[in-house]
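Participant: One structure, as structure tokens, below. Some questions next.
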Amino acid sequence: MWQPLTDWHQSKYREFTAFVARTVAPCAEQWDRDQRIPDAVIAELAQCGYLGATLPREYGGQGWDVVTFGLLNDAFGRGSSALTGVLTVQAMVSMALLKWGTAEQKRTWLPPLAKGEVIGAFALTEPGAGSAMHSLVTEVTEHDGGLVLNGSKRWISCGQFAGVFLVFGTLGQRAVACVVPREAPGVRVTPICDLMGFRAAGLAELHFKDVAVPAANLVGKAGFALSHVAPVGLHYGRISTACSALGLLRGCFEESVAYAAVRKIADQTVGDLGMVRSLIAHMGTDLEAGTLLCHNACRAEDGHLPEAFEQTLMAKYFTSRAAVRAASDAVQIRGASGCHGSSPVSRYYRDAKIMEIIEGTTQVHEDILGKMFVARAGKVGTPTRSA
Ligand SMILES: Cc1cc2nc3c(=O)[nH]c(=O)nc-3n(C[C@H](O)[C@H](O)[C@H](O)COP(=O)(O)OP(=O)(O)OC[C@H]3O[C@@H](n4cnc5c(N)ncnc54)[C@H](O)[C@@H]3O)c2cc1C
């Protein structure tokens with residue numbers, strides 16, 4: 001059910017958009033070219049408290065509600081999907097630890113994560129296990145009262161600069177999650193370069209060779225990692241990605257209407273052309289629909305409502321696909337100038353497609369949502385959880 005934003009939410013959104021206009025938008029193309037976000041920018045996010053947005057104040061976080069977290073990601077998504085990826089992953093690691101970490105793990109890891117003194121990475125995907133996360137082969141064994149990890153992770157956002165990894169693997173037949181500090185002996189990080197989009201998100205492969213960590217680093221019970229720990233992270237990842245895709249969609253719309261109003265085609269503007277108006281009408285309507293879906297999902301999460309999971313899936317499914325359509329149309333509307341880095345739409349075009357792949361692909365979302373809708377009608381059994 002739609003409720004208007006409160007004055008406080010509106011003022012936070014103004015703060016976030018002003019930050020993005022000042023610090024992110026003017027530099028995002030350069031970061032994309034350099035395939036790197038400067039450390040000083042991450043430090044500035046930390047200083048503003050954005051990296052601890054969802055964590056409670058008792059751990060040094062902002063204690064903001066999920067609506068505010070959504071607005072933060074929407075504002076940043078307009079500026080840089082790669083930088084928003086840092087917010088996404090920090091929240092995924094932090095919220096999984098908040099929900100399933102021991103008191104000691106929370107005391108140790110949450111304050112530095114909340115303050116951005118440490119960046120987290122969510123290390124789930126492996127070369128042979130993406131959507132099929134039950135196929136993990138990273139091996140965790142018990143040795144001398146501690147744990148030893150062997151295996152590899154691929155496509156890990158922030159892996160290049162994260163100080164701590166939340167790593168998923170298997171202990172015998174049981175899926176486990178454990179905290180692995182970057183400096184643990186046997187950890188090797190290989191940067192992944194030349195991605196199509198999210199080029200500055202610091203993706204890496206992580207290699208673990210006889211990496212020893214204390215047994216106290218196990219997060220949640222053995223056997224619960226894929227059914228309980230990972231889903232909390234992925235849920236926050238979807239909220240963040242849904243709202244980030246919404247910001248990108250907003251960028252496509254704003255860039256397109258501004259250009260269409262002034263670009264001359266003979267004696268008329270691009271915006272006078274009916275076929276271009278049709279593209280803009282589609283974009284503007286998707287923007288409105290995506291806004292409603294994202295706000296509903298965030299509010300459902302704030303209210304701890306059972307429908308929060310489904311609404312978040314729908315929001316991420318809708319906005320990521322709408323962003324891909326809008327980015328394609330935004331390039332089309334600008335013609336050749338849309339294919340050049342002087343306008344953000346060419347970057348939006350490359351970044352948008354990534355949103356359909358991360359935190360569960362479009363097809364995985366369709367599979368889960370389709371099952372849920374049919375199950376509700378009483379035609380098939382209970383839906384299964386998935387990445
Ligand atoms: C920029 C970027 C950042 C990323 N960051 C992280 C990160 O921080 N941490 C992390 O752990 N991972 C990360 N990933 C990995 C991402 O989560 C996986 O790429 C994603 O889960 C898909 O897995 P896959 O690439 O192995 O594709 P696959 O699972 O091999 O899928 C291949 C195709 O099969 C389809 N498919 C798969 N299963 C089904 C199904 N059940 N029904 C229908 N179709 C299906 C898919 O939709 C896709 O079209 C990142 C990826 C990218 C590109």
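Going through the structure tokens in order, the chains are called A, B, and so on, while each chain numbers its residues from 1 and the ligands are numbered from 1 in the order shown.
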Could you report the residues within 7 Å of ligand 1, using only C-alpha atoms and all ligand atoms, as a PDB file with N, CA and C atoms, in the first residue's frame?
Facilitator:
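Below you can see out06.pdb, which holds the result:
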ATOM      1  N   VAL A  89      27.025  -4.497  -0.929  1.00  0.00           N
ATOM      2  CA  VAL A  89      27.748  -5.615  -0.332  1.00  0.00           C
ATOM      3  C   VAL A  89      27.990  -5.387   1.165  1.00  0.00           C
ATOM      4  N   ALA A 121      33.072  -8.264   1.964  1.00  0.00           N
ATOM      5  CA  ALA A 121      32.720  -8.866   0.668  1.00  0.00           C
ATOM      6  C   ALA A 121      31.940 -10.138   0.944  1.00  0.00           C
ATOM      7  N   PHE A 122      30.964 -10.403   0.097  1.00  0.00           N
ATOM      8  CA  PHE A 122      30.047 -11.538   0.270  1.00  0.00           C
ATOM      9  C   PHE A 122      30.484 -12.612  -0.727  1.00  0.00           C
ATOM     10  N   ALA A 123      31.185 -13.633  -0.222  1.00  0.00           N
ATOM     11  CA  ALA A 123      31.852 -14.579  -1.119  1.00  0.00           C
ATOM     12  C   ALA A 123      31.053 -15.876  -1.228  1.00  0.00           C
ATOM     13  N   LEU A 124      30.075 -15.853  -2.119  1.00  0.00           N
ATOM     14  CA  LEU A 124      29.215 -17.018  -2.318  1.00  0.00           C
ATOM     15  C   LEU A 124      29.541 -17.722  -3.642  1.00  0.00           C
ATOM     16  N   THR A 125      29.562 -16.962  -4.745  1.00  0.00           N
ATOM     17  CA  THR A 125      29.684 -17.564  -6.075  1.00  0.00           C
ATOM     18  C   THR A 125      31.050 -18.211  -6.292  1.00  0.00           C
ATOM     19  N   PRO A 127      33.408 -20.669  -9.370  1.00  0.00           N
ATOM     20  CA  PRO A 127      33.438 -20.948 -10.812  1.00  0.00           C
ATOM     21  C   PRO A 127      32.347 -21.937 -11.233  1.00  0.00           C
ATOM     22  N   GLY A 128      32.051 -22.916 -10.400  1.00  0.00           N
ATOM     23  CA  GLY A 128      31.043 -23.922 -10.775  1.00  0.00           C
ATOM     24  C   GLY A 128      29.726 -23.768 -10.056  1.00  0.00           C
ATOM     25  N   ALA A 129      29.522 -22.676  -9.317  1.00  0.00           N
ATOM     26  CA  ALA A 129      28.282 -22.519  -8.538  1.00  0.00           C
ATOM     27  C   ALA A 129      27.851 -21.065  -8.524  1.00  0.00           C
ATOM     28  N   GLY A 130      26.893 -20.722  -9.385  1.00  0.00           N
ATOM     29  CA  GLY A 130      26.334 -19.373  -9.413  1.00  0.00           C
ATOM     30  C   GLY A 130      24.910 -19.439  -8.900  1.00  0.00           C
ATOM     31  N   SER A 131      23.963 -19.548  -9.831  1.00  0.00           N
ATOM     32  CA  SER A 131      22.556 -19.676  -9.415  1.00  0.00           C
ATOM     33  C   SER A 131      22.374 -20.937  -8.562  1.00  0.00           C
ATOM     34  N   ALA A 132      23.083 -21.999  -8.943  1.00  0.00           N
ATOM     35  CA  ALA A 132      22.949 -23.270  -8.211  1.00  0.00           C
ATOM     36  C   ALA A 132      23.877 -23.234  -7.012  1.00  0.00           C
ATOM     37  N   ARG A 154      34.531 -16.617  -7.202  1.00  0.00           N
ATOM     38  CA  ARG A 154      34.695 -15.772  -8.394  1.00  0.00           C
ATOM     39  C   ARG A 154      33.601 -14.704  -8.428  1.00  0.00           C
ATOM     40  N   TRP A 155      33.885 -13.602  -9.103  1.00  0.00           N
ATOM     41  CA  TRP A 155      32.939 -12.480  -9.287  1.00  0.00           C
ATOM     42  C   TRP A 155      32.578 -11.841  -7.958  1.00  0.00           C
ATOM     43  N   ILE A 156      33.549 -11.668  -7.073  1.00  0.00           N
ATOM     44  CA  ILE A 156      33.225 -11.153  -5.739  1.00  0.00           C
ATOM     45  C   ILE A 156      33.419  -9.631  -5.720  1.00  0.00           C
ATOM     46  N   SER A 157      32.305  -8.898  -5.633  1.00  0.00           N
ATOM     47  CA  SER A 157      32.343  -7.429  -5.594  1.00  0.00           C
ATOM     48  C   SER A 157      33.141  -6.968  -4.377  1.00  0.00           C
ATOM     49  N   CYS A 158      33.898  -5.919  -4.554  1.00  0.00           N
ATOM     50  CA  CYS A 158      34.736  -5.327  -3.494  1.00  0.00           C
ATOM     51  C   CYS A 158      35.867  -6.243  -3.053  1.00  0.00           C
ATOM     52  N   GLY A 197      30.075  -3.959 -17.288  1.00  0.00           N
ATOM     53  CA  GLY A 197      29.533  -2.917 -16.413  1.00  0.00           C
ATOM     54  C   GLY A 197      30.077  -3.105 -15.002  1.00  0.00           C
ATOM     55  N   PHE A 198      29.688  -2.222 -14.088  1.00  0.00           N
ATOM     56  CA  PHE A 198      30.186  -2.278 -12.706  1.00  0.00           C
ATOM     57  C   PHE A 198      31.721  -2.348 -12.710  1.00  0.00           C
ATOM     58  N   LEU A 203      35.837  -6.075  -8.504  1.00  0.00           N
ATOM     59  CA  LEU A 203      35.585  -7.525  -8.474  1.00  0.00           C
ATOM     60  C   LEU A 203      36.891  -8.307  -8.404  1.00  0.00           C
ATOM     61  N   ILE A 354      23.966  -5.766 -15.827  1.00  0.00           N
ATOM     62  CA  ILE A 354      24.512  -6.487 -14.657  1.00  0.00           C
ATOM     63  C   ILE A 354      23.407  -6.694 -13.602  1.00  0.00           C
ATOM     64  N   ILE A 357      21.610  -9.825 -13.439  1.00  0.00           N
ATOM     65  CA  ILE A 357      22.389 -11.043 -13.153  1.00  0.00           C
ATOM     66  C   ILE A 357      22.684 -11.203 -11.662  1.00  0.00           C
ATOM     67  N   ILE A 358      22.955 -10.065 -10.973  1.00  0.00           N
ATOM     68  CA  ILE A 358      23.365 -10.168  -9.566  1.00  0.00           C
ATOM     69  C   ILE A 358      22.153 -10.404  -8.653  1.00  0.00           C
ATOM     70  N   GLU A 359      22.437 -10.961  -7.499  1.00  0.00           N
ATOM     71  CA  GLU A 359      21.426 -11.275  -6.449  1.00  0.00           C
ATOM     72  C   GLU A 359      20.310 -12.152  -7.001  1.00  0.00           C
ATOM     73  N   GLY A 360      20.647 -13.066  -7.887  1.00  0.00           N
ATOM     74  CA  GLY A 360      19.653 -13.932  -8.533  1.00  0.00           C
ATOM     75  C   GLY A 360      19.310 -13.363  -9.898  1.00  0.00           C
ATOM     76  N   THR A 361      19.467 -14.192 -10.929  1.00  0.00           N
ATOM     77  CA  THR A 361      19.213 -13.696 -12.290  1.00  0.00           C
ATOM     78  C   THR A 361      17.708 -13.476 -12.501  1.00  0.00           C
ATOM     79  N   THR A 362      17.404 -12.807 -13.603  1.00  0.00           N
ATOM     80  CA  THR A 362      15.997 -12.602 -13.966  1.00  0.00           C
ATOM     81  C   THR A 362      15.253 -13.940 -14.025  1.00  0.00           C
ATOM     82  N   GLN A 363      15.908 -14.951 -14.615  1.00  0.00           N
ATOM     83  CA  GLN A 363      15.225 -16.248 -14.764  1.00  0.00           C
ATOM     84  C   GLN A 363      14.988 -16.892 -13.400  1.00  0.00           C
ATOM     85  N   VAL A 364      15.957 -16.752 -12.489  1.00  0.00           N
ATOM     86  CA  VAL A 364      15.775 -17.320 -11.145  1.00  0.00           C
ATOM     87  C   VAL A 364      14.622 -16.599 -10.441  1.00  0.00           C
ATOM     88  N   ASP A 367      11.452 -17.912 -11.844  1.00  0.00           N
ATOM     89  CA  ASP A 367      11.192 -19.263 -11.353  1.00  0.00           C
ATOM     90  C   ASP A 367      10.570 -19.207  -9.949  1.00  0.00           C
ATOM     91  N   ALA A 387      18.890 -18.683  -4.744  1.00  0.00           N
ATOM     92  CA  ALA A 387      19.655 -17.424  -4.807  1.00  0.00           C
ATOM     93  C   ALA A 387      18.952 -16.471  -5.726  1.00  0.00           C
TER      94      ALA A 387
END
Participant: May I have the residues within 12 Å of Asp65 in chain A as a count of residues only, using only C-alpha atoms and disregarding those fewer than 6 positions away in the same chain?
Facilitator: 19
Participant: So that I can see what lies close to Gly120 in chain A, please list as a list in words the residues with an atom at most 7 Å from it, counting only C-alpha atoms and leaving out residues fewer than 6 positions away in the same chain.
Facilitator: Val89, Gln90, Val93, Ala162, Gly163, Val164 and Phe165 of chain A
Participant: Do you know which residues are at most 12 Å from Pro26 in chain A counting only C-alpha atoms, after dropping those on the same chain fewer than 3 positions away, and could you put them as JSON, numbers by chain?
Facilitator: {"A": [19, 20, 21, 22, 23, 29, 30, 31, 32, 78, 79, 80, 341, 342, 343, 344]}
Participant: Could you give me, as CSV, a per-residue list for range 155-209 of chain A showing, wherever an atom lies at most 7 Å from an atom of range 134-148 of chain A, the closest pair of atoms and their distance in Å to one decimal, using only C-alpha atoms and sorting by chain then residue number from low to high?
Facilitator:
residue,atom,partner,partner_atom,distance
A:Gly169,CA,A:Thr138,CA,4.7
A:Thr170,CA,A:Glu139,CA,5.3
A:Leu171,CA,A:Val140,CA,4.9
Participant: Write out, as a PDB file, in the first residue's frame, the residues just selected, with N, CA and C atoms.
Facilitator:
ATOM      1  N   GLY A 169      30.868 -22.225   2.228  1.00  0.00           N
ATOM      2  CA  GLY A 169      31.495 -23.464   1.774  1.00  0.00           C
ATOM      3  C   GLY A 169      30.773 -24.651   2.385  1.00  0.00           C
ATOM      4  N   THR A 170      31.413 -25.815   2.324  1.00  0.00           N
ATOM      5  CA  THR A 170      30.777 -26.998   2.894  1.00  0.00           C
ATOM      6  C   THR A 170      31.717 -27.670   3.893  1.00  0.00           C
ATOM      7  N   LEU A 171      31.132 -28.043   5.006  1.00  0.00           N
ATOM      8  CA  LEU A 171      31.844 -28.779   6.049  1.00  0.00           C
ATOM      9  C   LEU A 171      31.225 -30.177   6.024  1.00  0.00           C
TER      10      LEU A 171
END
Participant: Skipping near chain neighbours, those fewer than 5 positions away, what residues fall within 12 Å of Leu273 in chain A using only C-alpha atoms, listed as a PyMOL selection string?
Facilitator: chain A and resi 260-261+263-268+278-280+333
Participant: How would the residues just picked look written out with N, CA and C atoms as a short mmCIF file (atom, residue, chain, number, x, y, z; two decimals), in the first residue's frame?
Facilitator:
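The new file part37.cif reads:
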data_model
loop_
_atom_site.label_atom_id
_atom_site.label_comp_id
_atom_site.auth_asym_id
_atom_site.auth_seq_id
_atom_site.Cartn_x
_atom_site.Cartn_y
_atom_site.Cartn_z
N ALA A 260 15.80 15.44 -25.25
CA ALA A 260 14.70 15.50 -26.23
C ALA A 260 14.13 16.92 -26.34
N ALA A 261 14.23 17.67 -25.25
CA ALA A 261 13.66 19.02 -25.26
C ALA A 261 14.49 20.00 -26.10
N ARG A 263 17.40 18.97 -28.45
CA ARG A 263 18.09 18.50 -29.66
C ARG A 263 17.19 18.73 -30.88
N LYS A 264 17.73 19.45 -31.86
CA LYS A 264 16.95 19.78 -33.06
C LYS A 264 17.10 18.71 -34.13
N ILE A 265 16.00 18.32 -34.70
CA ILE A 265 15.99 17.48 -35.90
C ILE A 265 15.31 18.35 -36.95
N ALA A 266 16.06 18.92 -37.85
CA ALA A 266 15.52 19.90 -38.80
C ALA A 266 14.82 21.00 -38.00
N ASP A 267 13.52 21.23 -38.23
CA ASP A 267 12.85 22.35 -37.56
C ASP A 267 12.08 21.94 -36.32
N GLN A 268 12.29 20.73 -35.84
CA GLN A 268 11.61 20.33 -34.59
C GLN A 268 12.60 19.70 -33.62
N SER A 278 6.96 8.05 -27.36
CA SER A 278 6.51 6.73 -26.94
C SER A 278 7.58 6.08 -26.05
N LEU A 279 8.84 6.18 -26.44
CA LEU A 279 9.93 5.61 -25.60
C LEU A 279 9.96 6.29 -24.23
N ILE A 280 9.78 7.63 -24.26
CA ILE A 280 9.85 8.38 -22.99
C ILE A 280 8.63 8.07 -22.11
N ILE A 333 17.70 7.42 -28.04
CA ILE A 333 17.19 8.79 -28.14
C ILE A 333 18.32 9.78 -28.42
#
Participant: From the set A:Ala103, A:Ala216, A:Val41, A:Leu5, which residue has the shortest atom-to-atom contact distance to Thr84 in chain A, counting only C-alpha atoms?
Facilitator: A:Val41
Participant: Provide the CA of Leu226 in chain A to CA of Ala175 in chain A distance in Å, to one decimal place.
Facilitator: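 So the answer is 6.3 Å.
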Participant: Leaving out Pro191 in chain A and any residue of its chain fewer than 5 positions from it, which residues lie within 8 Å of it when counting only C-alpha atoms, given as a list in words?
Facilitator: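 Skipping anything fewer than 5 positions along the chain leaves Gly159, Gln160, Gly202, Leu203, Ala204 and Glu205 of chain A.
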Participant: Could you give me the residues within range 69-247 of chain A that DSSP places in helix (DSSP H, G or I), as a PyMOL selection string?
Facilitator: chain A and resi 69-79+81-100+103-115+133-135+215-217+225-247
Participant: Find, counting only C-alpha atoms, the residue in A:Phe16, A:Tyr348, A:Phe373, A:Tyr59 that gets nearest to Leu98 in chain A.
Facilitator: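 Of all the options, A:Tyr59 lies closest to Leu98 in chain A.
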Participant: What gap, in Å, lies between CA of Met314 in chain A and CA of Thr291 in chain A?
Facilitator: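 Pair CA of Met314 in chain A / CA of Thr291 in chain A returns 11.9 Å.
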Participant: Could you list, as a VMD selection string, every residue within 8 Å of Arg188 in chain A, counting only C-alpha atoms and ignoring same-chain residues fewer than 2 positions away?
Facilitator: chain A and resid 186 190 206 to 208
Participant: Could you check the closest approach to Gln3 in chain A for each of A:Leu166, A:Ala40, A:Leu292, A:Ile239 and tell me which residue wins, using only C-alpha atoms?
Facilitator: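 With only C-alpha atoms as the atom set, the closest residue is A:Leu292.
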Participant: Rounded to one decimal place, report the CA of Val374 in chain A-CA of Leu313 in chain A distance in Å.
Facilitator: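 These atoms are spaced 15.5 Å apart.
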